[in-house]
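One structure is given here, and the rest of the page talks about it.
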Amino acid sequence: MGKDQFSEELFRKAPLVGIIRNVALEDVKQILPIYREAGLTTIEITMNTPGATEMIRYALANESDGLNIGAGTVCTKDDLEAALEAGAQFIVTPVINKKVIKSCVKKKVPIFPGAFTPTEIYNAWTLGATMVKIYPATSLGPEYIKDLKAPMNQLKLLPTGGVGLENMTAFLKAGANGLGIGGQLFDKKMIQEKNWDGLKNHFREFVQKLSW
């Protein structure tokens with residue numbers, strides 16, 4: 001497994017995709033090492049974050065040891081090309097874009113497309129999704145994951161949106177294969193105050209919940 005590729009083994013250690021959105025590069029530089037030290041392994045930088053490609057390049061050049069670094073909010077083929085050019089090791093989308101999914105499958109880049117209804121989810125899976133991001137997961141909750149898995153237990157699902165410390169375990173028990181967490185994980189106040197020790201302890205709480 002080359003350093004430039006997504007490591008499934010790393011992801012299984014801590015099946016959580018941390019979503020970085022609208023965080024400045026100088027803060028990302030501080031966050032990446034403590035994210036890894038806390039025991040988390042997979043991080044997604046959204047393409048609608050100013051300077052996203054620069055962040056992905058920085059992360060890969062300086063912090064890729066022990067971390068999977070991917071790109072999120074990839075909506076178009078142009079977004080995808082920019083993300084892959086920057087070196088993204090996996091791709092996350094908010095919606096189903098067949099071209100984006102097929103292109104990732106062809107290039108053997110893990111792809112987690114966003115879907116909501118059973119038909120969308122199944123379609124994304126049959127197009128070759130590595131895992132399907134259930135978004136927004138808030139409105140339907142953990143029971144929805146259980147309901148989807150009952151008839152379609154081959155699906156790999158990544159609920160995202162509204163997942164936090166209070167409901168993580170319920171999602172995992174319902175059969176989620178991973179969790180996508182943004183704002184609840186990257187606490188804005190701690191980042192603004194540059195409280196890196198506090199943030200590391202905050203990350204560790206999530207790691208503990210993963211080993212339910």
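How things are named: the first chain in the structure tokens is A, the next is B, and so on; residues count from 1 in each chain; ligands count from 1 in the order shown.
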
Give one line per residue of region 119-203 of chain A that approaches region 32-56 of chain A to at most 12 Å, naming the two atoms of the closest pair and their distance in Å to one decimal, counting only C-alpha atoms; sort by chain then ascending residue number and deliver it as a Markdown table.
```
| residue | atom | partner | partner_atom | distance |
| --- | --- | --- | --- | --- |
| A:Gly178 | CA | A:Thr42 | CA | 10.6 |
| A:Leu179 | CA | A:Thr42 | CA | 10.6 |
| A:Gly180 | CA | A:Glu44 | CA | 9.1 |
| A:Ile181 | CA | A:Ile43 | CA | 9.7 |
| A:Gly182 | CA | A:Glu44 | CA | 9.2 |
| A:Leu185 | CA | A:Tyr35 | CA | 10.2 |
| A:Phe186 | CA | A:Tyr35 | CA | 9.9 |
| A:Asn195 | CA | A:Ile34 | CA | 11.3 |
| A:Trp196 | CA | A:Ile34 | CA | 7.6 |
| A:Asp197 | CA | A:Ile34 | CA | 8.3 |
| A:Gly198 | CA | A:Ile34 | CA | 10.3 |
| A:Leu199 | CA | A:Ile34 | CA | 8.0 |
| A:Lys200 | CA | A:Ile34 | CA | 5.7 |
| A:Asn201 | CA | A:Ala38 | CA | 7.4 |
| A:His202 | CA | A:Ala38 | CA | 8.8 |
| A:Phe203 | CA | A:Ala38 | CA | 6.0 |
```

Exercise for review: Figure out the distance between CA of Ala137 (chain A) and CA of Ile31 (chain A), please, to one decimal in Å.
Suggested key: 25.6 Å

Exercise for review: Using backbone DSSP assignments, extract all strand (DSSP E or B) residues from chain A; output them as a PyMOL selection string.
Suggested key: chain A and resi 16-20+42-46+68-72+91-92+111-112+114-115+132-134+157-160+179-181

Using N, CA and C atoms, can you write the selected residues to a file as a PDB file, in the first residue's frame?
```pdb
ATOM      1  N   LEU A  16     -14.109   6.741  11.175  1.00  0.00           N
ATOM      2  CA  LEU A  16     -14.732   8.058  11.259  1.00  0.00           C
ATOM      3  C   LEU A  16     -14.053   8.964  10.237  1.00  0.00           C
ATOM      4  N   VAL A  17     -14.855   9.637   9.430  1.00  0.00           N
ATOM      5  CA  VAL A  17     -14.317  10.626   8.489  1.00  0.00           C
ATOM      6  C   VAL A  17     -14.560  12.003   9.092  1.00  0.00           C
ATOM      7  N   GLY A  18     -13.480  12.669   9.478  1.00  0.00           N
ATOM      8  CA  GLY A  18     -13.591  14.023  10.022  1.00  0.00           C
ATOM      9  C   GLY A  18     -13.659  15.016   8.883  1.00  0.00           C
ATOM     10  N   ILE A  19     -14.680  15.874   8.890  1.00  0.00           N
ATOM     11  CA  ILE A  19     -14.914  16.779   7.761  1.00  0.00           C
ATOM     12  C   ILE A  19     -14.459  18.199   8.103  1.00  0.00           C
ATOM     13  N   ILE A  20     -13.421  18.643   7.414  1.00  0.00           N
ATOM     14  CA  ILE A  20     -12.897  19.999   7.620  1.00  0.00           C
ATOM     15  C   ILE A  20     -13.532  20.930   6.595  1.00  0.00           C
ATOM     16  N   THR A  42      -8.799   9.345   9.464  1.00  0.00           N
ATOM     17  CA  THR A  42      -9.294   9.697   8.129  1.00  0.00           C
ATOM     18  C   THR A  42      -9.903  11.092   8.157  1.00  0.00           C
ATOM     19  N   ILE A  43      -9.447  11.923   7.240  1.00  0.00           N
ATOM     20  CA  ILE A  43      -9.879  13.318   7.259  1.00  0.00           C
ATOM     21  C   ILE A  43     -10.244  13.767   5.847  1.00  0.00           C
ATOM     22  N   GLU A  44     -11.321  14.529   5.765  1.00  0.00           N
ATOM     23  CA  GLU A  44     -11.821  15.000   4.468  1.00  0.00           C
ATOM     24  C   GLU A  44     -11.788  16.524   4.476  1.00  0.00           C
ATOM     25  N   ILE A  45     -11.191  17.102   3.442  1.00  0.00           N
ATOM     26  CA  ILE A  45     -11.159  18.559   3.305  1.00  0.00           C
ATOM     27  C   ILE A  45     -12.143  18.915   2.191  1.00  0.00           C
ATOM     28  N   THR A  46     -13.143  19.720   2.516  1.00  0.00           N
ATOM     29  CA  THR A  46     -14.184  19.980   1.508  1.00  0.00           C
ATOM     30  C   THR A  46     -13.674  20.967   0.452  1.00  0.00           C
ATOM     31  N   ASN A  68      -5.453   9.062   6.343  1.00  0.00           N
ATOM     32  CA  ASN A  68      -6.054   9.075   5.011  1.00  0.00           C
ATOM     33  C   ASN A  68      -6.527  10.501   4.757  1.00  0.00           C
ATOM     34  N   ILE A  69      -6.126  11.084   3.643  1.00  0.00           N
ATOM     35  CA  ILE A  69      -6.490  12.471   3.341  1.00  0.00           C
ATOM     36  C   ILE A  69      -7.350  12.491   2.078  1.00  0.00           C
ATOM     37  N   GLY A  70      -8.587  12.974   2.209  1.00  0.00           N
ATOM     38  CA  GLY A  70      -9.482  12.976   1.056  1.00  0.00           C
ATOM     39  C   GLY A  70     -10.097  14.335   0.806  1.00  0.00           C
ATOM     40  N   ALA A  71     -10.912  14.387  -0.253  1.00  0.00           N
ATOM     41  CA  ALA A  71     -11.608  15.625  -0.616  1.00  0.00           C
ATOM     42  C   ALA A  71     -13.109  15.402  -0.532  1.00  0.00           C
ATOM     43  N   GLY A  72     -13.819  16.387   0.017  1.00  0.00           N
ATOM     44  CA  GLY A  72     -15.269  16.299   0.140  1.00  0.00           C
ATOM     45  C   GLY A  72     -15.964  17.363  -0.688  1.00  0.00           C
ATOM     46  N   ILE A  91     -12.643  10.262  -2.213  1.00  0.00           N
ATOM     47  CA  ILE A  91     -13.541  11.340  -2.648  1.00  0.00           C
ATOM     48  C   ILE A  91     -14.897  11.155  -1.972  1.00  0.00           C
ATOM     49  N   VAL A  92     -15.450  12.279  -1.478  1.00  0.00           N
ATOM     50  CA  VAL A  92     -16.789  12.261  -0.884  1.00  0.00           C
ATOM     51  C   VAL A  92     -17.641  13.274  -1.642  1.00  0.00           C
ATOM     52  N   ILE A 111     -14.665   6.007  -3.304  1.00  0.00           N
ATOM     53  CA  ILE A 111     -15.661   7.072  -3.482  1.00  0.00           C
ATOM     54  C   ILE A 111     -16.835   6.839  -2.553  1.00  0.00           C
ATOM     55  N   PHE A 112     -17.183   7.874  -1.772  1.00  0.00           N
ATOM     56  CA  PHE A 112     -18.313   7.814  -0.834  1.00  0.00           C
ATOM     57  C   PHE A 112     -19.361   8.837  -1.286  1.00  0.00           C
ATOM     58  N   GLY A 114     -22.944  10.803  -1.689  1.00  0.00           N
ATOM     59  CA  GLY A 114     -24.070  11.097  -0.807  1.00  0.00           C
ATOM     60  C   GLY A 114     -25.385  10.671  -1.429  1.00  0.00           C
ATOM     61  N   ALA A 115     -26.228  10.019  -0.639  1.00  0.00           N
ATOM     62  CA  ALA A 115     -27.556   9.596  -1.094  1.00  0.00           C
ATOM     63  C   ALA A 115     -28.488   9.585   0.104  1.00  0.00           C
ATOM     64  N   VAL A 132     -21.623   4.259   0.906  1.00  0.00           N
ATOM     65  CA  VAL A 132     -22.574   5.312   0.543  1.00  0.00           C
ATOM     66  C   VAL A 132     -22.767   6.211   1.757  1.00  0.00           C
ATOM     67  N   LYS A 133     -22.563   7.509   1.530  1.00  0.00           N
ATOM     68  CA  LYS A 133     -22.758   8.491   2.600  1.00  0.00           C
ATOM     69  C   LYS A 133     -24.255   8.768   2.702  1.00  0.00           C
ATOM     70  N   ILE A 134     -24.841   8.486   3.847  1.00  0.00           N
ATOM     71  CA  ILE A 134     -26.268   8.765   4.056  1.00  0.00           C
ATOM     72  C   ILE A 134     -26.365  10.192   4.568  1.00  0.00           C
ATOM     73  N   LEU A 157     -22.475   1.696   4.675  1.00  0.00           N
ATOM     74  CA  LEU A 157     -23.103   3.008   4.868  1.00  0.00           C
ATOM     75  C   LEU A 157     -22.308   3.903   5.815  1.00  0.00           C
ATOM     76  N   LEU A 158     -22.266   5.185   5.451  1.00  0.00           N
ATOM     77  CA  LEU A 158     -21.529   6.188   6.218  1.00  0.00           C
ATOM     78  C   LEU A 158     -22.476   7.343   6.556  1.00  0.00           C
ATOM     79  N   PRO A 159     -23.270   7.224   7.637  1.00  0.00           N
ATOM     80  CA  PRO A 159     -24.161   8.330   7.986  1.00  0.00           C
ATOM     81  C   PRO A 159     -23.374   9.604   8.306  1.00  0.00           C
ATOM     82  N   THR A 160     -23.873  10.715   7.801  1.00  0.00           N
ATOM     83  CA  THR A 160     -23.192  12.004   7.936  1.00  0.00           C
ATOM     84  C   THR A 160     -24.246  13.086   8.119  1.00  0.00           C
ATOM     85  N   LEU A 179     -18.661   6.753  10.165  1.00  0.00           N
ATOM     86  CA  LEU A 179     -19.436   7.952  10.476  1.00  0.00           C
ATOM     87  C   LEU A 179     -18.737   9.150   9.855  1.00  0.00           C
ATOM     88  N   GLY A 180     -19.521  10.075   9.307  1.00  0.00           N
ATOM     89  CA  GLY A 180     -18.955  11.330   8.825  1.00  0.00           C
ATOM     90  C   GLY A 180     -19.326  12.425   9.819  1.00  0.00           C
ATOM     91  N   ILE A 181     -18.322  13.105  10.378  1.00  0.00           N
ATOM     92  CA  ILE A 181     -18.604  14.113  11.404  1.00  0.00           C
ATOM     93  C   ILE A 181     -17.801  15.390  11.117  1.00  0.00           C
TER      94      ILE A 181
END
```

**Study point:** Polymer residues at most 12 Å from Lys156 (chain A), only C-alpha atoms, same-chain spacing of 6 or more positions, as a PyMOL selection string
**Key:** chain A and resi 15+111-113+121-122+124-126+128-134+145-146+148-149+172+175-179

Selected residues written out with N, CA and C atoms, as an mmCIF file, in the first residue's frame:
```cif
data_model
loop_
_atom_site.group_PDB
_atom_site.id
_atom_site.type_symbol
_atom_site.label_atom_id
_atom_site.label_comp_id
_atom_site.auth_asym_id
_atom_site.auth_seq_id
_atom_site.Cartn_x
_atom_site.Cartn_y
_atom_site.Cartn_z
ATOM 1 N N PRO A 15 -13.183 4.132 12.327
ATOM 2 C CA PRO A 15 -14.050 4.352 11.158
ATOM 3 C C PRO A 15 -14.853 5.654 11.227
ATOM 4 N N ILE A 111 -14.665 6.007 -3.304
ATOM 5 C CA ILE A 111 -15.661 7.072 -3.482
ATOM 6 C C ILE A 111 -16.835 6.839 -2.553
ATOM 7 N N PHE A 112 -17.183 7.874 -1.772
ATOM 8 C CA PHE A 112 -18.313 7.814 -0.834
ATOM 9 C C PHE A 112 -19.361 8.837 -1.286
ATOM 10 N N PRO A 113 -20.244 8.458 -2.218
ATOM 11 C CA PRO A 113 -21.230 9.428 -2.699
ATOM 12 C C PRO A 113 -22.390 9.594 -1.718
ATOM 13 N N ILE A 121 -29.549 5.234 -2.681
ATOM 14 C CA ILE A 121 -28.467 4.519 -1.998
ATOM 15 C C ILE A 121 -28.085 3.268 -2.782
ATOM 16 N N TYR A 122 -29.097 2.532 -3.216
ATOM 17 C CA TYR A 122 -28.836 1.305 -3.962
ATOM 18 C C TYR A 122 -28.175 1.628 -5.312
ATOM 19 N N ALA A 124 -26.291 4.226 -6.032
ATOM 20 C CA ALA A 124 -24.899 4.631 -5.779
ATOM 21 C C ALA A 124 -24.021 3.395 -5.558
ATOM 22 N N TRP A 125 -24.576 2.434 -4.822
ATOM 23 C CA TRP A 125 -23.837 1.196 -4.522
ATOM 24 C C TRP A 125 -23.576 0.409 -5.805
ATOM 25 N N THR A 126 -24.600 0.294 -6.664
ATOM 26 C CA THR A 126 -24.425 -0.495 -7.891
ATOM 27 C C THR A 126 -23.492 0.202 -8.888
ATOM 28 N N GLY A 128 -20.808 1.419 -8.011
ATOM 29 C CA GLY A 128 -19.461 1.060 -7.563
ATOM 30 C C GLY A 128 -18.957 1.831 -6.360
ATOM 31 N N ALA A 129 -19.879 2.492 -5.618
ATOM 32 C CA ALA A 129 -19.459 3.240 -4.424
ATOM 33 C C ALA A 129 -18.746 2.321 -3.431
ATOM 34 N N THR A 130 -17.699 2.843 -2.811
ATOM 35 C CA THR A 130 -16.965 2.106 -1.777
ATOM 36 C C THR A 130 -17.844 2.007 -0.531
ATOM 37 N N MET A 131 -18.444 3.134 -0.201
ATOM 38 C CA MET A 131 -19.419 3.247 0.885
ATOM 39 C C MET A 131 -20.387 4.327 0.438
ATOM 40 N N VAL A 132 -21.623 4.259 0.906
ATOM 41 C CA VAL A 132 -22.574 5.312 0.543
ATOM 42 C C VAL A 132 -22.767 6.211 1.757
ATOM 43 N N LYS A 133 -22.563 7.509 1.530
ATOM 44 C CA LYS A 133 -22.758 8.491 2.600
ATOM 45 C C LYS A 133 -24.255 8.768 2.702
ATOM 46 N N ILE A 134 -24.841 8.486 3.847
ATOM 47 C CA ILE A 134 -26.268 8.765 4.056
ATOM 48 C C ILE A 134 -26.365 10.192 4.568
ATOM 49 N N ILE A 145 -30.685 3.402 9.338
ATOM 50 C CA ILE A 145 -29.541 2.557 8.932
ATOM 51 C C ILE A 145 -29.936 1.086 9.093
ATOM 52 N N LYS A 146 -30.558 0.803 10.222
ATOM 53 C CA LYS A 146 -31.004 -0.564 10.515
ATOM 54 C C LYS A 146 -32.023 -1.034 9.465
ATOM 55 N N LEU A 148 -32.404 0.054 6.398
ATOM 56 C CA LEU A 148 -31.767 -0.124 5.080
ATOM 57 C C LEU A 148 -31.000 -1.437 5.013
ATOM 58 N N LYS A 149 -30.327 -1.758 6.124
ATOM 59 C CA LYS A 149 -29.469 -2.949 6.139
ATOM 60 C C LYS A 149 -30.280 -4.245 6.179
ATOM 61 N N LEU A 172 -23.569 3.207 15.084
ATOM 62 C CA LEU A 172 -22.689 2.049 14.868
ATOM 63 C C LEU A 172 -23.417 0.746 15.185
ATOM 64 N N GLY A 175 -25.597 -0.579 12.528
ATOM 65 C CA GLY A 175 -24.963 -1.192 11.358
ATOM 66 C C GLY A 175 -24.168 -0.248 10.477
ATOM 67 N N ALA A 176 -23.973 1.011 10.923
ATOM 68 C CA ALA A 176 -23.154 1.939 10.127
ATOM 69 C C ALA A 176 -21.734 1.397 10.016
ATOM 70 N N ASN A 177 -21.133 1.541 8.829
ATOM 71 C CA ASN A 177 -19.756 1.064 8.616
ATOM 72 C C ASN A 177 -18.725 2.137 8.921
ATOM 73 N N GLY A 178 -19.227 3.327 9.146
ATOM 74 C CA GLY A 178 -18.365 4.449 9.486
ATOM 75 C C GLY A 178 -19.259 5.635 9.759
ATOM 76 N N LEU A 179 -18.661 6.753 10.165
ATOM 77 C CA LEU A 179 -19.436 7.952 10.476
ATOM 78 C C LEU A 179 -18.737 9.150 9.855
#
```

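Minimum atom-to-atom distances from A:Leu84, A:Cys75, A:Ala14, A:Val109 to Ile96 (chain A) were compared using only C-alpha atoms, and the lowest value belongs to A:Cys75.
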
Practice item. Would you return as a VMD selection string the members of region 25-186 of chain A that DSSP assigns to alpha helix (DSSP H) on this structure's backbone? Key: chain A and resid 25 to 37 52 to 63 77 to 86 98 to 107 118 to 126 141 to 149 168 to 173

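Comparing the minimum interatomic distances between Asp27 (chain A) and each of A:Met152, A:Ala82, A:Leu140, A:Ile191, counting only C-alpha atoms, we find that A:Ile191 sits nearest.
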
Review point. What lies within 12 Å of Glu81 (chain A) using only C-alpha atoms, ignoring chain neighbours under 2 positions off, as a list in words?
Key: Met47, Thr53, Ala71, Val74, Cys75, Thr76, Lys77, Asp78, Asp79, Ala83, Leu84, Glu85, Ala86, Gly87, Ala88, Ile91, Lys99, Val100, Ser103, Cys104 and Lys107 of chain A

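With only C-alpha atoms as the basis for measurement, A:Val28 is the residue among A:Glu8, A:Val28, A:Ala170, A:Asn22 that approaches Lys194 (chain A) most closely.
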
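Across A:Gln5, A:Gln192, A:Tyr144, A:Gln184, the tightest approach to Asp65 (chain A) is made by A:Gln5 when counting only C-alpha atoms.
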